[in-house]
$ cat start25.cif   # mmCIF, C-alpha atoms and all ligand atoms
data_work
#
loop_
_atom_site.label_atom_id
_atom_site.label_comp_id
_atom_site.auth_asym_id
_atom_site.auth_seq_id
_atom_site.Cartn_x
_atom_site.Cartn_y
_atom_site.Cartn_z
CA MET D 53 58.65 65.05 27.94
CA ASN D 54 56.20 64.63 25.10
CA ILE D 55 56.38 61.05 23.90
CA LEU D 56 55.05 59.32 20.78
CA ILE D 57 54.75 55.54 20.55
CA LEU D 58 54.22 53.99 17.10
CA GLY D 59 52.06 50.88 16.85
CA SER D 60 48.62 49.51 17.65
CA GLY D 61 48.99 46.19 19.44
CA GLY D 62 49.15 44.76 22.93
CA ARG D 63 52.89 45.43 22.86
CA GLU D 64 52.30 49.14 22.37
CA HIS D 65 49.54 49.20 25.00
CA SER D 66 52.01 47.77 27.52
CA LEU D 67 54.74 50.22 26.45
CA ALA D 68 52.27 53.08 26.91
CA TRP D 69 51.15 51.73 30.30
CA ALA D 70 54.75 51.54 31.59
CA THR D 71 55.68 54.94 30.11
CA LEU D 72 52.72 56.67 31.78
CA GLN D 73 53.94 55.51 35.20
CA ASN D 74 57.16 57.47 34.73
CA PRO D 75 57.09 61.05 36.05
CA LYS D 76 59.20 62.17 33.06
CA CYS D 77 56.18 61.59 30.82
CA ASP D 78 54.18 64.83 30.48
CA LYS D 79 52.19 63.87 27.42
CA LEU D 80 51.83 60.55 25.63
CA ILE D 81 50.44 59.99 22.15
CA VAL D 82 50.17 56.58 20.50
CA ALA D 83 49.77 56.25 16.73
CA PRO D 84 47.55 54.71 15.60
CA GLY D 85 46.77 52.97 18.94
CA ASN D 86 43.62 50.99 19.72
CA ALA D 87 40.55 51.25 21.95
CA GLY D 88 42.40 50.02 25.06
CA ILE D 89 45.25 52.47 24.52
CA ALA D 90 42.72 55.27 24.01
CA LYS D 91 41.61 54.79 27.63
CA ILE D 92 45.05 55.87 28.89
CA ALA D 93 46.62 58.04 26.16
CA ASP D 94 45.76 60.20 23.16
CA CYS D 95 45.71 58.31 19.87
CA ALA D 96 46.63 59.86 16.54
CA ASP D 97 45.65 58.39 13.20
CA LEU D 98 49.06 58.37 11.49
CA ASP D 99 50.48 56.10 8.82
CA ILE D 100 53.41 54.66 10.76
CA MET D 101 55.17 53.64 7.54
CA ASN D 102 55.30 57.26 6.38
CA GLY D 103 58.35 59.04 7.82
CA ALA D 104 57.41 62.47 6.42
CA GLU D 105 53.93 62.31 7.95
CA ILE D 106 55.33 61.35 11.37
CA ILE D 107 57.98 64.07 11.24
CA ALA D 108 55.33 66.71 10.50
CA PHE D 109 53.22 65.41 13.38
CA CYS D 110 56.20 65.43 15.78
CA GLU D 111 57.03 69.01 14.83
CA GLU D 112 53.43 70.17 15.32
CA ASN D 113 53.12 68.41 18.67
CA SER D 114 56.57 69.21 20.09
CA ILE D 115 57.43 65.52 20.48
CA ASP D 116 60.70 64.93 22.36
CA PHE D 117 61.05 61.17 22.04
CA ILE D 118 59.63 58.47 19.77
CA ILE D 119 59.41 54.75 20.56
CA VAL D 120 58.91 52.51 17.52
CA GLY D 121 56.98 49.32 18.38
CA PRO D 122 56.74 47.05 15.30
CA GLU D 123 59.35 45.82 12.84
CA ALA D 124 57.82 47.03 9.56
CA PRO D 125 58.51 50.77 10.09
CA LEU D 126 62.00 49.95 11.40
CA ALA D 127 62.82 47.88 8.32
CA ALA D 128 61.41 50.67 6.15
CA GLY D 129 63.77 53.23 7.70
CA VAL D 130 61.26 55.28 9.69
CA ALA D 131 63.70 55.54 12.64
CA ASP D 132 66.36 56.85 10.22
CA ASP D 133 63.94 59.44 8.82
CA LEU D 134 63.06 60.68 12.31
CA ARG D 135 66.67 60.80 13.47
CA GLY D 136 67.57 62.58 10.24
CA ALA D 137 65.02 65.26 11.16
CA GLY D 138 66.69 65.68 14.55
CA PHE D 139 64.36 63.59 16.74
CA LEU D 140 65.41 61.24 19.53
CA VAL D 141 64.21 57.72 18.66
CA PHE D 142 64.20 54.31 20.34
CA GLY D 143 64.67 51.73 17.58
CA PRO D 144 67.33 50.58 15.13
CA SER D 145 68.17 52.00 11.71
CA ALA D 146 66.94 50.10 8.65
CA ALA D 147 70.50 48.81 8.19
CA ALA D 148 70.60 47.41 11.75
CA ALA D 149 67.00 46.12 11.57
CA GLN D 150 68.25 43.77 8.82
CA LEU D 151 68.95 41.45 11.75
CA GLU D 152 65.22 40.79 11.70
CA ALA D 153 64.30 41.77 8.15
CA SER D 154 66.66 39.33 6.40
CA LYS D 155 67.33 35.82 7.63
CA ALA D 156 70.21 35.42 5.16
CA PHE D 157 71.80 38.61 6.52
CA THR D 158 71.60 37.30 10.09
CA LYS D 159 73.08 33.94 9.10
CA GLU D 160 75.94 35.70 7.38
CA ILE D 161 76.58 37.84 10.49
CA CYS D 162 76.55 34.68 12.64
CA ASP D 163 79.15 33.15 10.29
CA ALA D 164 81.29 36.27 10.47
CA CYS D 165 81.33 36.34 14.28
CA ASN D 166 81.13 32.60 14.96
CA ALA D 167 77.83 32.76 16.82
CA PRO D 168 76.29 29.30 17.39
CA THR D 169 73.21 28.79 15.21
CA ALA D 170 71.73 26.16 12.88
CA GLY D 171 73.72 25.24 9.79
CA TYR D 172 72.13 26.67 6.65
CA ALA D 173 72.18 27.31 2.94
CA HIS D 174 70.83 30.37 1.13
CA PHE D 175 69.04 30.19 -2.23
CA THR D 176 67.87 32.72 -4.78
CA ASN D 177 66.59 30.18 -7.28
CA HIS D 178 64.10 27.34 -7.11
CA GLU D 179 66.21 24.72 -8.89
CA ASP D 180 69.18 24.94 -6.52
CA ALA D 181 66.89 24.84 -3.48
CA CYS D 182 65.15 21.72 -4.87
CA ALA D 183 68.49 20.05 -5.46
CA TYR D 184 69.52 20.84 -1.89
CA VAL D 185 66.43 19.28 -0.29
CA THR D 186 66.84 16.11 -2.32
CA THR D 187 70.38 15.65 -1.01
CA HIS D 188 69.73 16.75 2.59
CA PRO D 189 67.27 14.56 4.50
CA ALA D 190 64.47 16.02 6.66
CA PRO D 191 63.87 17.39 9.19
CA LEU D 192 64.70 20.77 7.64
CA VAL D 193 63.46 24.28 8.29
CA ILE D 194 62.53 26.29 5.20
CA LYS D 195 62.39 30.07 5.68
CA ALA D 196 61.34 32.97 3.48
CA ASP D 197 64.21 35.46 3.70
CA GLY D 198 62.18 38.62 4.35
CA LEU D 199 59.52 39.82 6.79
CA ALA D 200 56.44 37.60 6.59
CA ALA D 201 54.58 38.56 9.78
CA GLY D 202 55.85 35.46 11.57
CA LYS D 203 54.44 33.13 8.91
CA GLY D 204 57.42 32.57 6.62
CA VAL D 205 58.85 29.52 8.41
CA ILE D 206 57.96 25.94 7.53
CA ILE D 207 59.28 23.09 9.66
CA ALA D 208 59.45 20.09 7.32
CA MET D 209 59.57 16.79 9.19
CA THR D 210 59.58 14.70 5.99
CA ASP D 211 61.43 15.00 2.64
CA GLU D 212 58.06 15.48 0.88
CA GLU D 213 57.17 18.39 3.16
CA ALA D 214 60.57 19.95 2.52
CA SER D 215 60.12 19.79 -1.28
CA ALA D 216 56.58 21.13 -1.03
CA ALA D 217 57.77 24.00 1.20
CA VAL D 218 60.47 25.01 -1.28
CA ASP D 219 57.93 24.95 -4.13
CA GLU D 220 55.50 27.02 -2.10
CA MET D 221 58.10 29.67 -1.24
CA PHE D 222 59.28 30.08 -4.82
CA ASP D 223 55.66 30.05 -6.05
CA GLY D 224 55.20 33.30 -4.16
CA ALA D 225 53.20 32.09 -1.13
CA PHE D 226 55.03 34.69 0.97
CA GLY D 227 55.28 37.36 -1.70
CA ALA D 228 58.55 39.24 -2.03
CA ALA D 229 59.69 37.87 1.35
CA GLY D 230 59.98 34.42 -0.26
CA ALA D 231 61.99 35.43 -3.34
CA GLU D 232 65.04 34.29 -1.38
CA VAL D 233 64.97 31.24 0.83
CA VAL D 234 67.10 30.01 3.70
CA ILE D 235 67.12 26.28 4.47
CA GLU D 236 68.31 25.37 7.95
CA GLU D 237 69.23 22.36 9.98
CA PHE D 238 66.41 21.54 12.43
CA MET D 239 67.51 22.29 15.99
CA GLU D 240 66.10 20.34 18.89
CA GLY D 241 65.73 21.77 22.35
CA GLU D 242 63.57 24.21 24.29
CA GLU D 243 63.04 27.75 23.04
CA ALA D 244 63.29 30.91 25.12
CA SER D 245 63.59 34.60 24.40
CA PHE D 246 66.30 36.87 25.73
CA PHE D 247 65.88 40.66 25.62
CA VAL D 248 68.74 43.11 25.73
CA LEU D 249 68.99 46.83 25.15
CA CYS D 250 71.86 48.12 23.01
CA ASP D 251 72.89 51.73 22.57
CA GLY D 252 75.41 51.04 19.82
CA GLU D 253 78.13 50.35 22.36
CA ASN D 254 76.73 49.03 25.65
CA ILE D 255 74.50 46.03 26.17
CA LEU D 256 72.06 45.66 29.05
CA PRO D 257 69.96 42.52 29.55
CA ILE D 258 66.40 43.39 30.57
CA GLY D 259 64.78 40.01 30.97
CA THR D 260 63.81 36.63 29.64
CA ALA D 261 60.48 35.20 28.54
CA GLN D 262 58.93 32.21 26.89
CA ASP D 263 55.95 32.41 24.64
CA HIS D 264 53.55 29.73 23.46
CA LYS D 265 53.48 29.82 19.68
CA ARG D 266 51.03 26.97 19.02
CA VAL D 267 47.33 27.65 19.14
CA GLY D 268 46.32 24.67 21.29
CA ASP D 269 46.85 23.48 24.85
CA GLY D 270 49.95 21.34 25.30
CA ASP D 271 51.64 23.32 22.49
CA THR D 272 49.66 21.62 19.72
CA GLY D 273 48.11 22.83 16.46
CA PRO D 274 49.26 25.50 14.04
CA ASN D 275 51.72 28.29 14.85
CA THR D 276 50.41 31.72 15.79
CA GLY D 277 51.95 35.07 16.64
CA GLY D 278 51.95 33.85 20.26
CA MET D 279 49.11 32.70 22.54
CA GLY D 280 50.65 33.75 25.84
CA ALA D 281 53.96 34.32 27.57
CA TYR D 282 55.64 34.33 30.94
CA SER D 283 58.70 35.97 32.41
CA PRO D 284 61.23 35.03 33.62
CA ALA D 285 61.99 31.89 31.58
CA PRO D 286 63.50 29.43 34.07
CA ILE D 287 65.22 27.47 31.27
CA LEU D 288 67.34 30.55 30.55
CA THR D 289 69.50 30.27 33.65
CA GLU D 290 72.06 32.91 34.55
CA GLU D 291 74.80 30.67 33.15
CA ILE D 292 73.03 30.15 29.81
CA ALA D 293 72.21 33.86 29.62
CA GLN D 294 75.92 34.67 30.05
CA LYS D 295 76.77 32.21 27.28
CA ALA D 296 74.19 33.79 25.01
CA LEU D 297 75.63 37.23 25.76
CA ASN D 298 79.24 36.22 25.23
CA GLU D 299 78.85 33.86 22.29
CA ILE D 300 75.92 35.38 20.37
CA ILE D 301 74.85 38.88 21.39
CA ARG D 302 78.14 40.69 22.09
CA PRO D 303 79.83 39.29 18.93
CA THR D 304 76.79 40.24 16.80
CA MET D 305 76.69 43.78 18.18
CA ALA D 306 80.44 44.16 17.67
CA GLU D 307 80.11 42.93 14.08
CA MET D 308 77.31 45.44 13.41
CA THR D 309 79.44 48.26 14.80
CA LYS D 310 82.44 47.09 12.76
CA ARG D 311 80.32 47.31 9.61
CA GLY D 312 79.37 50.89 10.39
CA THR D 313 75.77 50.00 11.27
CA PRO D 314 75.69 49.96 15.10
CA TYR D 315 72.51 48.59 16.66
CA GLN D 316 70.38 50.85 18.85
CA GLY D 317 67.18 49.61 20.45
CA VAL D 318 65.93 46.38 21.94
CA LEU D 319 67.36 43.18 20.51
CA TYR D 320 65.22 40.10 20.98
CA ALA D 321 67.21 36.89 20.63
CA GLY D 322 65.16 33.72 20.11
CA LEU D 323 67.32 30.92 21.48
CA MET D 324 67.16 27.14 21.24
CA ILE D 325 68.61 25.58 24.37
CA LYS D 326 69.88 22.03 24.58
CA ASP D 327 72.28 20.48 27.08
CA GLY D 328 73.05 23.89 28.57
CA GLN D 329 74.05 25.40 25.22
CA PRO D 330 72.09 28.25 23.58
CA ARG D 331 71.95 28.55 19.78
CA LEU D 332 70.38 31.41 17.89
CA VAL D 333 67.04 30.75 16.19
CA GLU D 334 66.39 34.33 15.14
CA PHE D 335 66.84 37.95 16.06
CA ASN D 336 64.03 40.46 16.19
CA ALA D 337 64.68 44.18 16.11
CA ARG D 338 61.81 45.00 18.49
CA PHE D 339 60.06 43.73 21.59
CA GLY D 340 58.18 40.46 21.21
CA ASP D 341 54.41 40.54 21.25
CA PRO D 342 53.14 39.24 23.74
CA GLU D 343 56.55 38.95 25.49
CA CYS D 344 56.72 42.73 25.86
CA GLN D 345 53.56 42.68 27.97
CA VAL D 346 55.15 40.47 30.65
CA LEU D 347 58.41 42.42 30.57
CA MET D 348 56.59 45.74 31.00
CA MET D 349 54.48 44.28 33.81
CA ARG D 350 57.72 43.44 35.64
CA LEU D 351 59.77 46.53 34.76
CA GLY D 352 57.06 49.16 35.26
CA ALA D 353 58.13 52.82 35.14
CA GLN D 354 61.87 52.08 34.79
CA ALA D 355 61.21 50.64 31.31
CA PHE D 356 60.86 54.19 30.06
CA ASP D 357 64.16 55.35 31.62
CA LEU D 358 65.89 52.35 30.07
CA MET D 359 64.54 53.06 26.58
CA HIS D 360 65.37 56.75 26.91
CA ALA D 361 68.94 55.97 28.03
CA THR D 362 69.28 53.55 25.09
CA ALA D 363 68.34 56.27 22.61
CA GLU D 364 70.73 58.75 24.28
CA GLY D 365 73.65 56.30 24.42
CA ARG D 366 73.71 56.29 28.24
CA LEU D 367 73.18 52.58 28.93
CA SER D 368 76.50 52.26 30.76
CA ASP D 369 74.93 54.35 33.59
CA MET D 370 71.84 52.18 33.86
CA ARG D 371 70.91 49.25 36.09
CA VAL D 372 67.74 47.18 36.02
CA ASN D 373 66.00 46.78 39.36
CA TRP D 374 64.48 43.36 39.30
CA ALA D 375 61.94 42.21 41.83
CA GLU D 376 61.83 38.46 42.49
CA ASP D 377 58.53 38.33 40.66
CA HIS D 378 56.84 36.57 37.77
CA ALA D 379 54.40 37.73 35.11
CA VAL D 380 52.02 35.85 32.84
CA THR D 381 49.99 37.06 29.90
CA VAL D 382 47.14 35.07 28.37
CA VAL D 383 46.15 35.95 24.81
CA MET D 384 42.43 35.95 24.07
CA ALA D 385 41.85 35.49 20.36
CA ALA D 386 38.83 35.37 18.06
CA LYS D 387 37.60 31.79 17.48
CA GLY D 388 39.14 30.50 14.25
CA TYR D 389 42.47 32.30 14.72
CA PRO D 390 45.12 31.73 13.30
CA GLY D 391 42.81 30.71 10.41
CA THR D 392 39.80 32.75 9.37
CA TYR D 393 37.80 34.43 12.11
CA GLN D 394 34.93 36.89 12.46
CA LYS D 395 35.47 40.51 13.43
CA GLY D 396 32.95 42.70 15.19
CA SER D 397 31.83 40.61 18.16
CA GLU D 398 31.14 42.36 21.49
CA ILE D 399 33.39 41.88 24.50
CA ARG D 400 31.81 42.48 27.93
CA GLY D 401 33.09 42.44 31.46
CA LEU D 402 36.26 44.45 30.86
CA ASP D 403 35.14 47.46 32.90
CA THR D 404 35.13 45.60 36.21
CA LEU D 405 38.60 44.05 35.84
CA PRO D 406 41.34 45.26 38.20
CA GLU D 407 43.90 47.61 36.62
CA ASP D 408 46.89 48.17 38.87
CA SER D 409 50.56 47.26 39.17
CA LYS D 410 49.68 43.54 39.38
CA ASN D 411 46.78 43.22 36.93
CA MET D 412 46.30 44.70 33.50
CA THR D 413 44.37 43.74 30.40
CA PHE D 414 46.24 45.04 27.38
CA HIS D 415 44.29 45.43 24.16
CA ALA D 416 45.69 44.05 20.92
CA GLY D 417 42.77 44.36 18.50
CA THR D 418 39.74 46.27 19.76
CA SER D 419 37.60 49.26 18.88
CA VAL D 420 34.71 50.87 20.73
CA SER D 421 31.15 51.19 19.46
CA ASP D 422 28.48 52.86 21.64
CA GLY D 423 30.62 52.30 24.71
CA THR D 424 31.09 48.57 24.04
CA PHE D 425 34.43 47.00 23.14
CA ILE D 426 34.43 45.21 19.78
CA ALA D 427 36.95 42.61 18.62
CA THR D 428 38.74 43.81 15.49
CA GLY D 429 41.61 41.35 15.13
CA GLY D 430 42.80 37.77 15.55
CA ARG D 431 44.65 38.30 18.80
CA VAL D 432 42.40 40.68 20.72
CA LEU D 433 43.29 40.91 24.44
CA ASN D 434 46.37 40.16 26.55
CA VAL D 435 45.24 39.44 30.08
CA THR D 436 48.35 40.05 32.16
CA ALA D 437 49.20 39.60 35.84
CA ARG D 438 52.18 39.60 38.18
CA GLY D 439 52.79 37.50 41.27
CA ASN D 440 55.41 36.25 43.69
CA SER D 441 55.41 32.95 41.86
CA LEU D 442 54.58 31.88 38.34
CA MET D 443 51.58 29.98 39.74
CA GLU D 444 50.28 33.07 41.53
CA ALA D 445 50.67 35.19 38.39
CA LYS D 446 48.96 32.54 36.29
CA ASP D 447 46.04 32.16 38.72
CA ARG D 448 45.56 35.92 38.77
CA ALA D 449 45.58 36.15 34.98
CA TYR D 450 43.03 33.33 34.55
CA ALA D 451 40.82 34.81 37.29
CA MET D 452 40.56 37.89 35.07
CA VAL D 453 40.04 35.82 31.91
CA ASP D 454 37.10 34.13 33.64
CA GLN D 455 35.41 37.48 34.22
CA ILE D 456 35.52 38.40 30.54
CA ASN D 457 32.31 37.70 28.70
CA TRP D 458 33.23 37.09 25.07
CA PRO D 459 31.59 33.94 23.64
CA GLU D 460 33.29 34.47 20.25
CA GLY D 461 36.76 34.39 21.82
CA PHE D 462 39.02 31.68 23.19
CA CYS D 463 42.34 31.28 24.96
CA ARG D 464 44.76 28.56 25.97
CA ARG D 465 44.30 27.37 29.56
CA ASP D 466 47.87 26.22 30.14
CA ILE D 467 50.14 29.24 29.71
CA GLY D 468 53.36 28.57 31.65
CA TRP D 469 52.96 24.79 31.79
CA ARG D 470 56.54 23.94 30.84
CA ALA D 471 57.90 26.03 33.69
CA LEU D 472 55.29 24.73 36.15
CA ASP D 473 55.68 21.03 35.30
P1 LIG D 501 61.72 32.27 13.16
O1 LIG D 501 60.74 33.19 12.49
O2 LIG D 501 63.03 32.15 12.46
O3 LIG D 501 61.84 32.54 14.61
O4 LIG D 501 61.03 30.84 13.19
C1 LIG D 501 59.76 30.65 13.78
C2 LIG D 501 59.80 29.44 14.67
O5 LIG D 501 60.19 28.28 13.94
C3 LIG D 501 60.82 29.54 15.81
O6 LIG D 501 60.34 30.23 16.89
C4 LIG D 501 61.07 28.07 16.09
O7 LIG D 501 60.04 27.54 16.90
C5 LIG D 501 61.00 27.44 14.74
N1 LIG D 501 62.34 27.33 14.15
C6 LIG D 501 62.94 28.24 13.36
N2 LIG D 501 64.16 27.82 12.97
C7 LIG D 501 64.35 26.60 13.53
C8 LIG D 501 65.40 25.64 13.48
N3 LIG D 501 66.51 25.83 12.77
N4 LIG D 501 65.24 24.51 14.20
C9 LIG D 501 64.10 24.28 14.89
N5 LIG D 501 63.07 25.14 14.96
C10 LIG D 501 63.17 26.29 14.29
N1 LIG D 502 55.85 36.44 20.02
C1 LIG D 502 56.78 36.33 18.98
C2 LIG D 502 57.18 37.57 18.33
O1 LIG D 502 56.85 38.67 18.74
O2 LIG D 502 57.92 37.51 17.34
#
$ encode --input "start25.cif" --output "structure tokens" --more "lines below"
Ligand code: AMP
Ligand code: GLY
Amino acid sequence: MNILILGSGGREHSLAWATLQNPKCDKLIVAPGNAGIAKIADCADLDIMNGAEIIAFCEENSIDFIIVGPEAPLAAGVADDLRGAGFLVFGPSAAAAQLEASKAFTKEICDACNAPTAGYAHFTNHEDACAYVTTHPAPLVIKADGLAAGKGVIIAMTDEEASAAVDEMFDGAFGAAGAEVVIEEFMEGEEASFFVLCDGENILPIGTAQDHKRVGDGDTGPNTGGMGAYSPAPILTEEIAQKALNEIIRPTMAEMTKRGTPYQGVLYAGLMIKDGQPRLVEFNARFGDPECQVLMMRLGAQAFDLMHATAEGRLSDMRVNWAEDHAVTVVMAAKGYPGTYQKGSEIRGLDTLPEDSKNMTFHAGTSVSDGTFIATGGRVLNVTARGNSLMEAKDRAYAMVDQINWPEGFCRRDIGWRALD
């Protein structure tokens, strides 16, 4: 098969890496890709938000199957455009991707199907939201309704912070995403991510992970897109996973089907777990980044068969073959991230790193200049390893990190600490 993956991050590098291990893959193109992806696949400079441009490319290149990585093209209906043109696509329709693209939509679905989640109120005007925060004491969680690249959530621990957050949202700090605001009850507990595939009818769990959202060791400092992840997440026991499936995921999928907008693709459920009970924090309509990197490290070539079966509605025939293994990914970011950082510094030492079924450095934001890798983003590399234990995987990943010569970069040194403690 000729396969096209849309996206340019570490997530897409890991999807490409797993896909290439599958004998069904004859040709792989990633658009737009990055310098790490270019080492293993062809890259095409396409605008992944432009359905017509991608359709023309797929026709010219006899593409059989398209995997959509990020949420923005899904929310914009690119998967619908491609399916409308007759292509087989992994990824939900714009209507189904509302589960990520609108927090108010997801809350309303949870209400309709009784899925456990934080209590909330939804506001379209500043005055009502202000009145609400003055009558509901902190802590509160203030969320821009729309996609805000992971930045549209403010956890207000004091009443003053809550008022300031509401003002900021309605002042346009998050653009159109903040024109509507959801205010939630603050949930305590430990967070973990649960990944399932859905083909519109069947649901197949494909793994659990935990990421580290804060920039600093010990989970301190500002939130980021994720500084590292590990899989499996021991907090998400089999019993809690079953609860999440029965109380949250199956009812949500059934509700989507009932509304005529069945969900097809990977559904990423962010869960808050306390006293053995999972509650929904959020859904994402795509793989997590960097959670995808640890899932792909563990699934290997079968990941492609699973995604293909999802798109063809054959999930009821599929099983996941799990090894009793663990994977860790450490994010290396440019110093200053998630604030301002410099682009263009040189990264050395990558060429001598092992690249095999247990060790892989996925690129998230790199380019090549005169044969040298250059950092072009905030999160730049995802140093990923697999082992028989979490400790073994972690040691392997940091052994690779220590061989990378990039003075302008940094990483957390404690990925996995909650599970190892
Ligand atoms: P979201 O984009 O909705 O996932 O929110 C980003 C992060 O904010 C989550 O991963 C949680 O760490 C935190 N968060 C969101 N909603 C809540 C809530 N209701 N209670 C506690 N923490 C939350
Ligand atoms: N790592 C969090 C996310 O992908 O949303």
$ axis_aligned_box --input "start25.cif" --around "ligand LIG 502 (chain D)" --padding-each-side "6 Å" --output "lines of an AutoDock Vina configuration file"
center_x = 56.9
center_y = 37.5
center_z = 18.7
size_x = 14.1
size_y = 14.3
size_z = 14.7
$ atom_distance --input "start25.cif" --atom1 "atom CA of Ala131 of chain D" --atom2 "atom CA of Ala231 of chain D"
25.7 Å
$ closest_atom_pairs --input "start25.cif" --of "segment 310-362 of chain D" --to "segment 396-416 of chain D" --cutoff "10 Å" --atoms "all atoms listed in the file" --output "Markdown table"
| residue | atom | partner | partner_atom | distance |
| --- | --- | --- | --- | --- |
| D:Asp341 | CA | D:Ala416 | CA | 9.4 |
| D:Pro342 | CA | D:Ala416 | CA | 9.3 |
| D:Gln345 | CA | D:Phe414 | CA | 7.7 |
| D:Met349 | CA | D:Ser409 | CA | 7.3 |
| D:Arg350 | CA | D:Ser409 | CA | 8.8 |
| D:Gly352 | CA | D:Ser409 | CA | 7.8 |
$ residues_near_ligand --input "start25.cif" --ligand "ligand LIG 502 (chain D)" --cutoff "10 Å" --atoms "all atoms listed in the file" --output "number ranges by chain"
D: 63, 122-123, 152, 201-202, 245, 261-265, 276-281, 320-322, 334-344
$ closest_residue --input "start25.cif" --among "D:Gly439, D:Gly388, D:Gly273, D:Pro284" --to "Ala471 of chain D" --atoms "all atoms listed in the file"
D:Pro284
